[in-house]
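Undergrad: So I've got this file, start.txt, and it contains compact mmCIF, C-alpha atoms:
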```txt
# COMPACT_ATOMS: atom_id res chain seq x y z
CA MET A 1 109.68 -1.29 -42.43
CA GLN A 2 109.45 1.74 -40.14
CA PRO A 3 105.61 1.95 -39.92
CA ASP A 4 105.42 -1.82 -39.27
CA ARG A 5 107.76 -1.64 -36.34
CA ARG A 6 105.85 1.29 -34.87
CA ASP A 7 102.62 -0.60 -35.29
CA PHE A 8 104.08 -3.65 -33.58
CA ILE A 9 105.31 -1.63 -30.62
CA LYS A 10 101.93 0.04 -30.29
CA LYS A 11 100.18 -3.31 -30.26
CA ALA A 12 102.70 -4.79 -27.84
CA LEU A 13 102.24 -1.82 -25.49
CA THR A 14 98.45 -2.15 -25.63
CA GLY A 15 98.81 -5.86 -24.94
CA VAL A 16 101.06 -5.31 -21.95
CA LEU A 17 98.74 -2.65 -20.55
CA ALA A 18 95.73 -4.93 -21.03
CA LEU A 19 97.57 -7.75 -19.23
CA LEU A 20 98.42 -5.40 -16.38
CA GLY A 21 94.78 -4.33 -16.18
CA ILE A 22 93.59 -7.94 -16.03
CA GLY A 23 96.36 -8.67 -13.55
CA PHE A 24 94.83 -6.05 -11.30
CA ILE A 25 91.14 -6.68 -11.87
CA VAL A 26 91.21 -10.47 -11.39
CA PRO A 27 92.92 -10.47 -7.96
CA ALA A 28 90.86 -7.41 -6.96
CA LEU A 29 87.65 -9.31 -7.63
CA ARG A 30 89.03 -12.30 -5.70
CA ILE A 31 89.85 -10.01 -2.78
CA LEU A 32 86.45 -8.34 -2.79
CA THR A 33 84.46 -11.59 -2.85
CA PRO A 34 83.47 -12.48 0.72
CA SER A 35 84.98 -15.84 1.59
CA ARG A 36 82.75 -16.84 4.45
CA VAL A 37 79.16 -16.91 3.33
CA ARG A 38 77.12 -19.24 5.48
CA GLU A 39 73.64 -20.63 5.06
CA LYS A 40 71.01 -19.09 7.31
CA GLU A 41 69.43 -21.51 9.78
CA MET A 42 65.95 -21.60 11.23
CA ALA A 43 65.80 -20.87 14.96
CA TYR A 44 62.82 -20.42 17.28
CA PHE A 45 62.49 -17.50 19.69
CA PRO A 46 59.88 -17.07 22.45
CA LEU A 47 57.32 -14.34 21.78
CA LEU A 48 54.51 -14.43 24.36
CA PRO A 49 52.44 -16.83 26.52
CA GLU A 50 49.83 -18.89 24.71
CA GLU A 51 46.89 -17.24 26.54
CA GLU A 52 47.84 -13.85 25.11
CA LEU A 53 47.21 -15.02 21.56
CA PRO A 54 44.39 -13.03 19.92
CA ARG A 55 40.99 -14.76 19.86
CA ALA A 56 40.09 -12.88 16.73
CA GLY A 57 41.72 -10.21 14.61
CA VAL A 58 45.28 -8.98 14.61
CA LYS A 59 47.75 -8.45 17.43
CA LYS A 60 51.05 -6.66 17.11
CA ALA A 61 53.97 -8.07 19.08
CA GLU A 62 57.65 -7.32 19.41
CA LEU A 63 59.95 -10.29 18.89
CA THR A 64 63.43 -10.19 20.40
CA TYR A 65 65.85 -12.52 18.73
CA LYS A 66 69.56 -13.09 18.35
CA ALA A 67 71.31 -12.99 15.00
CA LEU A 68 75.07 -12.92 14.38
CA GLY A 69 75.64 -12.55 18.13
CA ARG A 70 73.53 -9.41 18.31
CA ASP A 71 70.19 -8.73 19.95
CA MET A 72 67.65 -7.73 17.34
CA LYS A 73 64.03 -6.72 17.40
CA ALA A 74 61.32 -7.45 14.88
CA ARG A 75 57.68 -6.43 14.78
CA VAL A 76 55.39 -9.37 14.15
CA PHE A 77 51.65 -9.48 13.44
CA LEU A 78 49.73 -12.40 14.92
CA VAL A 79 46.60 -12.99 12.88
CA SER A 80 43.96 -15.36 14.11
CA SER A 81 41.56 -16.93 11.66
CA PRO A 82 39.32 -20.00 11.79
CA GLU A 83 42.30 -22.06 10.58
CA GLY A 84 44.47 -20.94 13.46
CA VAL A 85 47.09 -18.33 14.20
CA THR A 86 49.62 -17.15 11.66
CA ALA A 87 52.61 -14.88 12.29
CA LEU A 88 53.38 -12.31 9.60
CA SER A 89 56.49 -10.24 9.26
CA SER A 90 55.77 -6.50 9.27
CA THR A 91 58.51 -5.85 6.71
CA CYS A 92 57.06 -4.70 3.41
CA THR A 93 58.32 -6.86 0.53
CA HIS A 94 58.74 -3.80 -1.67
CA LEU A 95 61.58 -1.88 -0.03
CA GLY A 96 61.50 -3.05 3.57
CA CYS A 97 59.46 -0.37 5.37
CA LEU A 98 57.37 -1.50 8.34
CA VAL A 99 53.70 -1.91 7.49
CA ASN A 100 50.83 -0.90 9.78
CA TYR A 101 47.54 -2.68 10.43
CA ARG A 102 44.48 -0.68 9.40
CA ARG A 103 41.65 -1.95 11.59
CA ASP A 104 38.96 -0.09 9.60
CA LYS A 105 39.95 -1.71 6.30
CA LYS A 106 41.24 -4.99 7.74
CA GLU A 107 44.39 -4.54 5.67
CA PHE A 108 48.09 -4.03 6.22
CA VAL A 109 49.20 -0.77 4.62
CA CYS A 110 52.75 0.30 4.03
CA PRO A 111 53.33 3.98 4.94
CA CYS A 112 56.06 4.42 2.30
CA HIS A 113 54.34 3.68 -1.00
CA SER A 114 50.87 2.53 0.05
CA GLY A 115 51.50 -1.14 -0.58
CA ARG A 116 48.48 -3.15 0.64
CA TYR A 117 48.20 -6.68 2.00
CA ASP A 118 45.14 -8.61 3.16
CA LEU A 119 44.89 -10.50 6.45
CA THR A 120 46.60 -13.58 5.04
CA GLY A 121 49.54 -11.38 4.06
CA LYS A 122 48.78 -11.54 0.34
CA ASN A 123 49.80 -8.42 -1.60
CA ILE A 124 46.61 -6.87 -2.99
CA GLY A 125 47.68 -3.45 -4.15
CA GLY A 126 50.52 -1.04 -4.65
CA PRO A 127 54.10 -1.90 -5.51
CA PRO A 128 54.82 -4.97 -3.30
CA PRO A 129 55.96 -7.88 -5.49
CA ALA A 130 55.29 -10.66 -2.97
CA PRO A 131 53.16 -11.46 0.07
CA LEU A 132 54.36 -10.66 3.61
CA THR A 133 56.76 -13.27 4.96
CA ARG A 134 55.02 -15.87 7.09
CA PHE A 135 56.95 -17.05 10.14
CA PRO A 136 56.43 -20.59 11.42
CA VAL A 137 54.67 -20.63 14.82
CA ARG A 138 55.33 -23.28 17.44
CA ILE A 139 53.90 -23.56 20.94
CA ARG A 140 56.19 -25.09 23.57
CA ASP A 141 55.29 -25.28 27.28
CA GLY A 142 52.56 -22.69 26.85
CA ILE A 143 54.86 -20.18 25.16
CA VAL A 144 54.44 -19.12 21.56
CA HIS A 145 57.71 -19.41 19.62
CA ILE A 146 58.39 -17.79 16.27
CA GLY A 147 60.81 -19.27 13.75
CA MET A 148 63.31 -16.97 12.09
CA LYS A 149 66.12 -17.62 9.67
CA VAL A 150 69.26 -16.28 11.30
CA MET B 1 85.01 0.88 -32.08
CA ARG B 2 81.80 2.84 -32.73
CA LEU B 3 81.62 3.55 -29.00
CA PHE B 4 85.28 4.59 -29.02
CA ASP B 5 84.69 6.98 -31.93
CA TYR B 6 81.58 8.35 -30.24
CA LEU B 7 83.46 9.12 -27.05
CA ASN B 8 86.51 10.39 -28.87
CA ASP B 9 84.46 12.81 -30.96
CA ARG B 10 83.23 14.36 -27.73
CA LEU B 11 86.12 14.02 -25.30
CA VAL B 12 88.89 14.28 -27.92
CA PHE B 13 91.11 12.12 -25.77
CA THR B 14 93.36 10.82 -28.53
CA ALA B 15 94.55 14.40 -29.05
CA ARG B 16 95.20 14.65 -25.31
CA HIS B 17 97.03 11.34 -25.38
CA ARG B 18 99.22 12.50 -28.24
CA ARG B 19 100.19 15.54 -26.24
CA VAL B 20 101.06 13.52 -23.16
CA LEU B 21 102.35 10.23 -24.57
CA ASP B 22 103.85 11.02 -27.99
CA ARG B 23 106.68 13.09 -26.76
CA PRO B 24 110.03 13.25 -28.48
CA VAL B 25 112.79 11.81 -26.33
CA PRO B 26 116.45 12.52 -27.10
CA GLY B 27 118.37 9.54 -28.48
CA TRP B 28 121.15 9.65 -25.92
CA ILE B 29 118.79 8.92 -23.03
CA ASN B 30 119.57 5.90 -20.82
CA TYR B 31 117.87 3.72 -18.20
CA GLY B 32 118.81 6.18 -15.48
CA TYR B 33 115.95 8.34 -16.80
CA CYS B 34 113.41 5.61 -15.93
CA PHE B 35 113.52 5.97 -12.15
CA GLY B 36 110.94 8.75 -12.00
CA GLY B 37 108.53 6.75 -14.15
CA ILE B 38 109.12 3.66 -12.03
CA ALA B 39 108.41 5.66 -8.89
CA PHE B 40 105.16 6.92 -10.44
CA THR B 41 104.18 3.38 -11.48
CA LEU B 42 104.77 2.26 -7.90
CA PHE B 43 102.60 5.15 -6.74
CA ILE B 44 99.78 3.81 -8.93
CA VAL B 45 100.31 0.31 -7.51
CA LEU B 46 100.19 1.76 -3.98
CA LEU B 47 97.07 3.76 -4.80
CA LEU B 48 95.21 0.72 -6.14
CA SER B 49 96.32 -1.67 -3.40
CA GLY B 50 95.63 1.02 -0.79
CA LEU B 51 92.10 1.52 -2.12
CA LEU B 52 91.50 -2.20 -1.67
CA LEU B 53 93.15 -2.29 1.76
CA SER B 54 90.97 0.54 3.01
CA LEU B 55 87.95 -1.70 2.50
CA PHE B 56 89.21 -4.05 5.22
CA TYR B 57 91.22 -1.89 7.61
CA THR B 58 89.62 -0.33 10.70
CA PRO B 59 91.56 2.65 12.10
CA SER B 60 90.73 2.18 15.76
CA GLU B 61 92.70 1.40 18.87
CA THR B 62 90.81 -1.80 19.56
CA GLU B 63 90.14 -2.96 16.00
CA ALA B 64 93.19 -2.05 13.90
CA TYR B 65 95.36 -5.05 14.73
CA ALA B 66 92.41 -7.45 14.61
CA SER B 67 91.27 -6.10 11.26
CA ILE B 68 94.66 -6.88 9.75
CA GLN B 69 94.57 -10.38 11.18
CA ARG B 70 91.13 -10.79 9.64
CA LEU B 71 92.57 -9.55 6.32
CA HIS B 72 95.22 -12.27 6.48
CA ARG B 73 92.88 -15.02 7.63
CA ASP B 74 89.59 -14.41 5.87
CA VAL B 75 90.22 -12.37 2.74
CA PRO B 76 91.28 -14.34 -0.35
CA LEU B 77 94.72 -13.07 -1.42
CA GLY B 78 94.60 -10.67 1.53
CA HIS B 79 98.18 -11.45 2.41
CA LEU B 80 99.27 -10.79 -1.17
CA LEU B 81 97.40 -7.49 -1.13
CA ARG B 82 99.10 -6.29 2.02
CA SER B 83 102.52 -7.51 0.90
CA THR B 84 102.09 -5.72 -2.42
CA HIS B 85 101.40 -2.47 -0.59
CA HIS B 86 104.29 -3.03 1.79
CA TRP B 87 106.91 -3.86 -0.83
CA ALA B 88 105.76 -1.26 -3.34
CA ALA B 89 106.09 1.32 -0.54
CA ASN B 90 109.64 0.22 0.26
CA LEU B 91 110.63 0.17 -3.40
CA MET B 92 109.09 3.58 -3.95
CA VAL B 93 111.40 5.20 -1.41
CA VAL B 94 114.35 3.54 -3.19
CA MET B 95 113.18 4.65 -6.64
CA VAL B 96 112.45 8.21 -5.57
CA THR B 97 115.96 8.39 -4.11
CA LEU B 98 117.55 6.96 -7.26
CA HIS B 99 115.55 9.44 -9.35
CA MET B 100 116.86 12.29 -7.22
CA VAL B 101 120.43 11.01 -7.52
CA ARG B 102 120.07 10.86 -11.33
CA VAL B 103 118.68 14.40 -11.50
CA PHE B 104 121.54 15.57 -9.31
CA ILE B 105 124.26 13.82 -11.32
CA THR B 106 122.96 15.06 -14.69
CA GLY B 107 122.52 18.57 -13.27
CA SER B 108 118.88 18.56 -14.37
CA TYR B 109 117.90 20.81 -11.49
CA LYS B 110 119.54 23.87 -13.06
CA THR B 111 117.67 26.89 -14.45
CA PRO B 112 114.90 26.82 -15.62
CA ARG B 113 114.16 23.64 -13.68
CA GLU B 114 114.85 24.77 -10.08
CA LEU B 115 111.15 24.87 -9.22
CA ASN B 116 110.74 21.35 -10.47
CA TRP B 117 113.51 20.27 -8.11
CA VAL B 118 111.55 21.96 -5.31
CA THR B 119 108.32 20.11 -6.16
CA GLY B 120 110.39 16.92 -6.40
CA ALA B 121 111.78 17.56 -2.93
CA MET B 122 108.20 18.06 -1.66
CA LEU B 123 107.24 14.74 -3.26
CA LEU B 124 110.20 13.08 -1.51
CA LEU B 125 108.98 14.45 1.82
CA LEU B 126 105.44 13.28 1.04
CA THR B 127 106.77 9.80 0.20
CA LEU B 128 108.56 9.67 3.54
CA GLY B 129 105.40 11.00 5.19
CA TYR B 130 103.47 8.06 3.75
CA GLY B 131 106.15 5.74 5.10
CA PHE B 132 106.05 7.29 8.57
CA THR B 133 102.25 7.39 8.90
CA GLY B 134 101.73 4.01 7.22
CA TYR B 135 104.18 2.34 9.57
CA LEU B 136 101.89 2.98 12.56
CA LEU B 137 98.76 1.54 10.97
CA PRO B 138 99.42 -2.18 11.68
CA TRP B 139 99.20 -1.10 15.35
CA ASP B 140 101.58 -3.77 16.63
CA GLN B 141 104.48 -3.32 19.06
CA LYS B 142 107.00 -2.40 16.36
CA ALA B 143 104.64 0.16 14.84
CA TYR B 144 103.78 1.66 18.21
CA TRP B 145 107.34 2.09 19.44
CA ALA B 146 108.61 3.32 16.08
CA THR B 147 106.02 6.08 16.26
CA VAL B 148 106.87 6.86 19.88
CA VAL B 149 110.51 7.31 18.87
CA GLY B 150 109.64 9.15 15.64
CA THR B 151 107.40 11.66 17.38
CA ASN B 152 109.97 12.03 20.19
CA MET B 153 112.40 13.26 17.52
CA LEU B 154 109.87 15.91 16.59
CA GLY B 155 109.71 16.77 20.30
CA SER B 156 113.43 17.59 20.30
CA VAL B 157 112.87 20.65 18.06
CA PRO B 158 113.89 23.66 20.18
CA ALA B 159 111.15 25.66 21.91
CA ILE B 160 108.11 24.41 19.94
CA GLY B 161 109.08 20.73 19.84
CA SER B 162 106.74 19.47 22.54
CA SER B 163 103.79 21.34 21.04
CA LEU B 164 104.58 19.93 17.58
CA ALA B 165 104.76 16.41 18.96
CA ALA B 166 101.47 16.90 20.83
CA VAL B 167 99.75 18.11 17.65
CA MET B 168 101.09 15.17 15.68
CA ARG B 169 100.09 12.67 18.38
CA GLY B 170 96.77 14.28 19.19
CA GLY B 171 97.76 14.24 22.85
CA LEU B 172 100.80 13.83 25.03
CA ASP B 173 101.22 10.14 24.23
CA VAL B 174 100.82 7.87 21.24
CA THR B 175 97.22 6.69 21.56
CA GLY B 176 94.23 5.71 19.45
CA GLN B 177 93.93 9.41 18.59
CA THR B 178 97.40 9.24 17.01
CA LEU B 179 96.31 6.23 14.99
CA GLN B 180 93.27 8.13 13.77
CA ARG B 181 95.40 11.12 12.77
CA PHE B 182 98.00 9.04 10.98
CA TYR B 183 95.31 7.11 9.13
CA SER B 184 93.65 10.33 7.99
CA LEU B 185 97.01 11.76 6.88
CA HIS B 186 97.92 8.54 5.11
CA VAL B 187 94.71 8.11 3.10
CA LEU B 188 93.40 11.67 2.67
CA TRP B 189 95.73 14.58 3.35
CA LEU B 190 98.91 13.20 1.81
CA PRO B 191 97.21 11.87 -1.36
CA VAL B 192 95.58 15.25 -2.00
CA LEU B 193 98.92 17.02 -1.61
CA THR B 194 100.66 14.35 -3.69
CA GLY B 195 98.15 14.83 -6.51
CA LEU B 196 98.83 18.55 -6.53
CA PHE B 197 102.61 18.24 -6.52
CA LEU B 198 102.62 15.39 -9.05
CA TRP B 199 100.64 17.57 -11.41
CA LEU B 200 103.08 20.46 -10.97
CA HIS B 201 106.05 18.09 -11.35
CA PHE B 202 104.75 16.51 -14.56
CA HIS B 203 103.50 19.78 -15.97
CA MET B 204 106.96 21.34 -15.64
CA THR B 205 108.65 18.22 -16.99
CA ARG B 206 106.44 18.43 -20.08
CA ARG B 207 106.89 22.16 -20.61
CA GLN B 208 110.63 22.21 -19.98
CA GLY B 209 111.49 18.91 -21.68
CA ILE B 210 114.34 16.62 -20.73
CA SER B 211 117.45 18.51 -19.82
CA GLY B 212 120.51 18.20 -22.05
CA GLY B 213 122.64 16.85 -19.24
CA LEU B 214 125.88 18.47 -18.13
```
Kindly present the structure from the file in structure tokens form.
TA:
Amino acid sequence: MQPDRRDFIKKALTGVLALLGIGFIVPALRILTPSRVREKEMAYFPLLPEEELPRAGVKKAELTYKALGRDMKARVFLVSSPEGVTALSSTCTHLGCLVNYRRDKKEFVCPCHSGRYDLTGKNIGGPPPAPLTRFPVRIRDGIVHIGMKV
Amino acid sequence: MRLFDYLNDRLVFTARHRRVLDRPVPGWINYGYCFGGIAFTLFIVLLLSGLLLSLFYTPSETEAYASIQRLHRDVPLGHLLRSTHHWAANLMVVMVTLHMVRVFITGSYKTPRELNWVTGAMLLLLTLGYGFTGYLLPWDQKAYWATVVGTNMLGSVPAIGSSLAAVMRGGLDVTGQTLQRFYSLHVLWLPVLTGLFLWLHFHMTRRQGISGGL
């Protein structure tokens, strides 16, 4: 009988310890999960007057916007094409560096890992997995507004 | 189990476990000998709950109180987390005291265990140090004035009292600097010292065994 009893106590101890472990891990995960996750909403922020839009080619502009009660800045590329003007985010879709416009190649090139995008923002080389984000553009009272999810 | 065997072949932890866990305990032992273990268990509870609390608490004059309110309002089970830390801390002081009373009554402090009594006394002081520094962290009126009074007591030490109090407060008054100091003591300095003394305490307990009583 002796070995059986020992075995039982060992198993019981393991069980109790496992329960204690679960009793810690489950509430800990509950505690660590953020409780207030909200959906991001689209909002429009003024960028520049309509007449400053590029007739052809690419123009870099600094967008000031508000997110989570804070003033933020974002670099935006305005690209004009026969179809109209598009606004591209300058944030590389690979790891979030800021891309530069290379006038000689008519490409956006990321300085970090040489990711390349064409003028429509499409990723054409290097590590980027997706095209540059395209912001919606809206013109109100002669001012160009850019839509951002904040 | 293959993974367990793989790790065990390399770390040999079952052998370690045997040495630490499979220890012969005299048959005449009673529940009075559990207080030290209970105190250590509470220490583990405090360590784990404290680790979680530190993810939400901001030790700053302007943010401390608000961060605790946020913990209560926004964090799921946040109230339970803080209460666990609070009550485990209170119980720990009780258990450490009971442990000391038991050691005293059974005369377990006698040669060759005097040094272990000394490390135990250090651990008692550290426990009270946690209590004193932790009490300020909620940064409410009760916490503030308790610390003003507590550090005033330090100021009553002859000759060097006012300097001691100034060092502890990080200034002449209890300010945000005091909060910063107490937070640092509570979560860094004291735990490091506690780890050291706990190791010494347990090491000696293992080497010297349980005393035969009076």
Undergrad: Pick out the chain B residues within 7 Å of chain A. Count all atoms listed in the file. Give them as an MDAnalysis selection string.
TA: chainID B and resid 74:78
Undergrad: Excluding B:Asn30 and residues on its chain fewer than 2 positions from it, collect all residues at most 12 Å away from it, counting only C-alpha atoms, and give them as a ChimeraX atom specification.
TA: /B:25-28,32-35,102,106,210,213
Undergrad: Counting all atoms listed in the file, which residue out of B:Ile68, B:Leu98, B:Leu42, B:Leu80 sits closest to B:Ser54?
TA: B:Ile68
Undergrad: Show which residues sit within 12 Å of B:Leu51, as a list in words. Count only C-alpha atoms, and ignore same-chain residues fewer than 5 positions away.
TA: Ala28, Ile31 and Leu32 of chain A; Ile44, Val45, Leu46, Phe56, Tyr57, Leu81, Arg82, His85, His186, Val187, Leu188 and Pro191 of chain B
Undergrad: Need to verify the contact set: A:Val58, 8 Å, only C-alpha atoms, exclusion of same-chain residues closer than 2 positions in sequence. Can you return it as a VMD selection string?
TA: chain A and resid 54 56 60 77 to 80 101
Undergrad: Which polymer residues, protein or nucleic acid, are no farther than 12 Å from (71.9, -11.8, 15.3), counting all atoms listed in the file, as a tab-separated table (two decimals) with C-alpha atoms, keeping the file's coordinate frame?
TA:
```
chain	number	residue	atom	x	y	z
A	40	LYS	CA	71.01	-19.09	7.31
A	41	GLU	CA	69.43	-21.51	9.78
A	43	ALA	CA	65.80	-20.87	14.96
A	45	PHE	CA	62.49	-17.50	19.69
A	64	THR	CA	63.43	-10.19	20.40
A	65	TYR	CA	65.85	-12.52	18.73
A	66	LYS	CA	69.56	-13.09	18.35
A	67	ALA	CA	71.31	-12.99	15.00
A	68	LEU	CA	75.07	-12.92	14.38
A	69	GLY	CA	75.64	-12.55	18.13
A	70	ARG	CA	73.53	-9.41	18.31
A	71	ASP	CA	70.19	-8.73	19.95
A	72	MET	CA	67.65	-7.73	17.34
A	73	LYS	CA	64.03	-6.72	17.40
A	74	ALA	CA	61.32	-7.45	14.88
A	148	MET	CA	63.31	-16.97	12.09
A	149	LYS	CA	66.12	-17.62	9.67
A	150	VAL	CA	69.26	-16.28	11.30
```
Undergrad: What is the distance, in Å and to one decimal place, between atom CA of B:Thr97 and atom CA of B:Ala121?
TA: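 Separation of atom CA of B:Thr97 and atom CA of B:Ala121: 10.1 Å.
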Undergrad: Quick one: distance from atom CA of A:Ile143 to atom CA of A:Glu50 in Å, one decimal?
TA: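 Interatomic distance here is 5.2 Å.
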